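Scroll down for the structure; my scribbles are underneath it.
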Amino acid sequence: MDIDGKEHEFSGYTTGKVTLLSFIYTHCSDAKGCPLAYAVFQSVKKSIESIPGMREKVRFVSLSFDPQNDTPDVMRTYGGNDARTQHGLRWYF
């Protein structure tokens with residue numbers, strides 16, 4: 001399910017491009033662990049976007065370990081601009 005509540009086949013996010021996949025919680029008891037994982041992906045995203053032609057070949061996908069709490073609205077908020085932008089490297093939540 002995406003941030004708009006629409007269901008998709010998982011293969012749609014893993015076919016045709018290099019997919020960097022992360023599993024996340026939006027609420028994490030480890031104050032450093034979850035934000036650090038997100039920050040690492042943001043850093044890698046910036047690096048990939050700086051290489052001409054790479055952003056069209058790569059996508060990011062962040063899946064929740066906690067679908068009961070990580071609703072589409074929560075995931076949209078958590079992903080912020082990374083989840084909403086249609087430009088550059090796509091990051092799906």
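Just so we're on the same page: first chain in the structure tokens is A, next is B, and so on; residues restart at 1 for each chain, and ligands are numbered from 1 in the order they show up.
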Please produce, as CSV, a per-residue contact table for segment 42-69 of chain A versus segment 26-36 of chain A (criterion: any atom at most 10 Å away, only C-alpha atoms considered), showing the nearest atom pair and its distance in Å to one decimal, sorted by chain then residue number.
residue,atom,partner,partner_atom,distance
A:Gln42,CA,A:Leu36,CA,9.7
A:Ser64,CA,A:Thr26,CA,7.6
A:Phe65,CA,A:Thr26,CA,9.0
A:Asp66,CA,A:Thr26,CA,8.2
A:Pro67,CA,A:Thr26,CA,9.9
A:Asn69,CA,A:Thr26,CA,8.2
*With a distance cut-off of 10 Å and only C-alpha atoms, select the neighbouring residues of Lys57 of chain A, excluding the residue or stretch itself and same-chain residues fewer than 6 positions from it, and output the selection as a PyMOL selection string.*
chain A and resi 16-19+48+89-90
*Extract the full set of strand (DSSP E) residues from chain A according to DSSP on the backbone, and format it as an MDAnalysis selection string.*
chainID A and resid 18:24 58:64 90:92
Output N, CA, C and O atoms for every residue in that selection, as a short mmCIF file (atom, residue, chain, number, x, y, z; two decimals), in the first residue's frame.
data_model
loop_
_atom_site.label_atom_id
_atom_site.label_comp_id
_atom_site.auth_asym_id
_atom_site.auth_seq_id
_atom_site.Cartn_x
_atom_site.Cartn_y
_atom_site.Cartn_z
N VAL A 18 17.39 -0.46 -10.28
CA VAL A 18 18.04 -0.89 -9.05
C VAL A 18 17.20 -0.35 -7.90
O VAL A 18 16.89 0.85 -7.86
N THR A 19 16.80 -1.23 -7.00
CA THR A 19 15.96 -0.83 -5.87
C THR A 19 16.74 -0.95 -4.58
O THR A 19 17.26 -2.02 -4.26
N LEU A 20 16.83 0.14 -3.84
CA LEU A 20 17.41 0.12 -2.50
C LEU A 20 16.22 0.08 -1.55
O LEU A 20 15.39 0.98 -1.53
N LEU A 21 16.15 -1.00 -0.79
CA LEU A 21 14.99 -1.28 0.05
C LEU A 21 15.35 -1.15 1.52
O LEU A 21 16.37 -1.67 1.97
N SER A 22 14.50 -0.44 2.25
CA SER A 22 14.69 -0.35 3.70
C SER A 22 13.40 -0.73 4.40
O SER A 22 12.31 -0.53 3.87
N PHE A 23 13.54 -1.30 5.57
CA PHE A 23 12.41 -1.62 6.43
C PHE A 23 12.46 -0.67 7.61
O PHE A 23 13.52 -0.53 8.24
N ILE A 24 11.36 -0.01 7.89
CA ILE A 24 11.37 1.05 8.89
C ILE A 24 10.20 0.93 9.86
O ILE A 24 9.22 0.24 9.60
N VAL A 58 17.71 4.21 -10.49
CA VAL A 58 17.63 3.76 -9.10
C VAL A 58 16.31 4.25 -8.50
O VAL A 58 15.82 5.32 -8.84
N ARG A 59 15.77 3.45 -7.58
CA ARG A 59 14.62 3.90 -6.78
C ARG A 59 14.85 3.46 -5.34
O ARG A 59 15.54 2.48 -5.09
N PHE A 60 14.27 4.19 -4.42
CA PHE A 60 14.28 3.82 -3.01
C PHE A 60 12.88 3.37 -2.62
O PHE A 60 11.89 3.95 -3.07
N VAL A 61 12.81 2.36 -1.78
CA VAL A 61 11.54 1.89 -1.25
C VAL A 61 11.72 1.68 0.25
O VAL A 61 12.63 0.96 0.67
N SER A 62 10.89 2.31 1.04
CA SER A 62 10.89 2.11 2.49
C SER A 62 9.56 1.48 2.89
O SER A 62 8.50 2.05 2.67
N LEU A 63 9.65 0.28 3.45
CA LEU A 63 8.48 -0.48 3.88
C LEU A 63 8.42 -0.48 5.40
O LEU A 63 9.44 -0.57 6.07
N SER A 64 7.22 -0.43 5.92
CA SER A 64 7.03 -0.44 7.36
C SER A 64 7.02 -1.86 7.92
O SER A 64 6.47 -2.77 7.32
N ARG A 90 13.24 8.70 -7.22
CA ARG A 90 11.96 8.44 -6.55
C ARG A 90 12.18 7.60 -5.29
O ARG A 90 12.94 6.66 -5.29
N TRP A 91 11.47 8.00 -4.25
CA TRP A 91 11.52 7.29 -2.96
C TRP A 91 10.10 6.98 -2.57
O TRP A 91 9.29 7.86 -2.30
N TYR A 92 9.77 5.71 -2.57
CA TYR A 92 8.43 5.25 -2.27
C TYR A 92 8.34 4.80 -0.82
O TYR A 92 9.22 4.09 -0.34
#
*Interatomic distance (Å, one decimal) between atom CA of Gly5 of chain A and atom CA of Asn81 of chain A*: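 So the two atoms, atom CA of Gly5 of chain A and atom CA of Asn81 of chain A, lie 17.5 Å apart.
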*Which one of A:Glu9, A:Asp2, A:Thr14, A:Ser50 sits closest to Gly79 of chain A if you count only C-alpha atoms?*
A:Asp2
*Would you mind reading off the distance between atom CA of Pro52 of chain A and atom CA of Val40 of chain A, one decimal, in Å?*
20.6 Å
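Atom CA of His8 of chain A sits 18.0 Å away from atom CA of Val74 of chain A.
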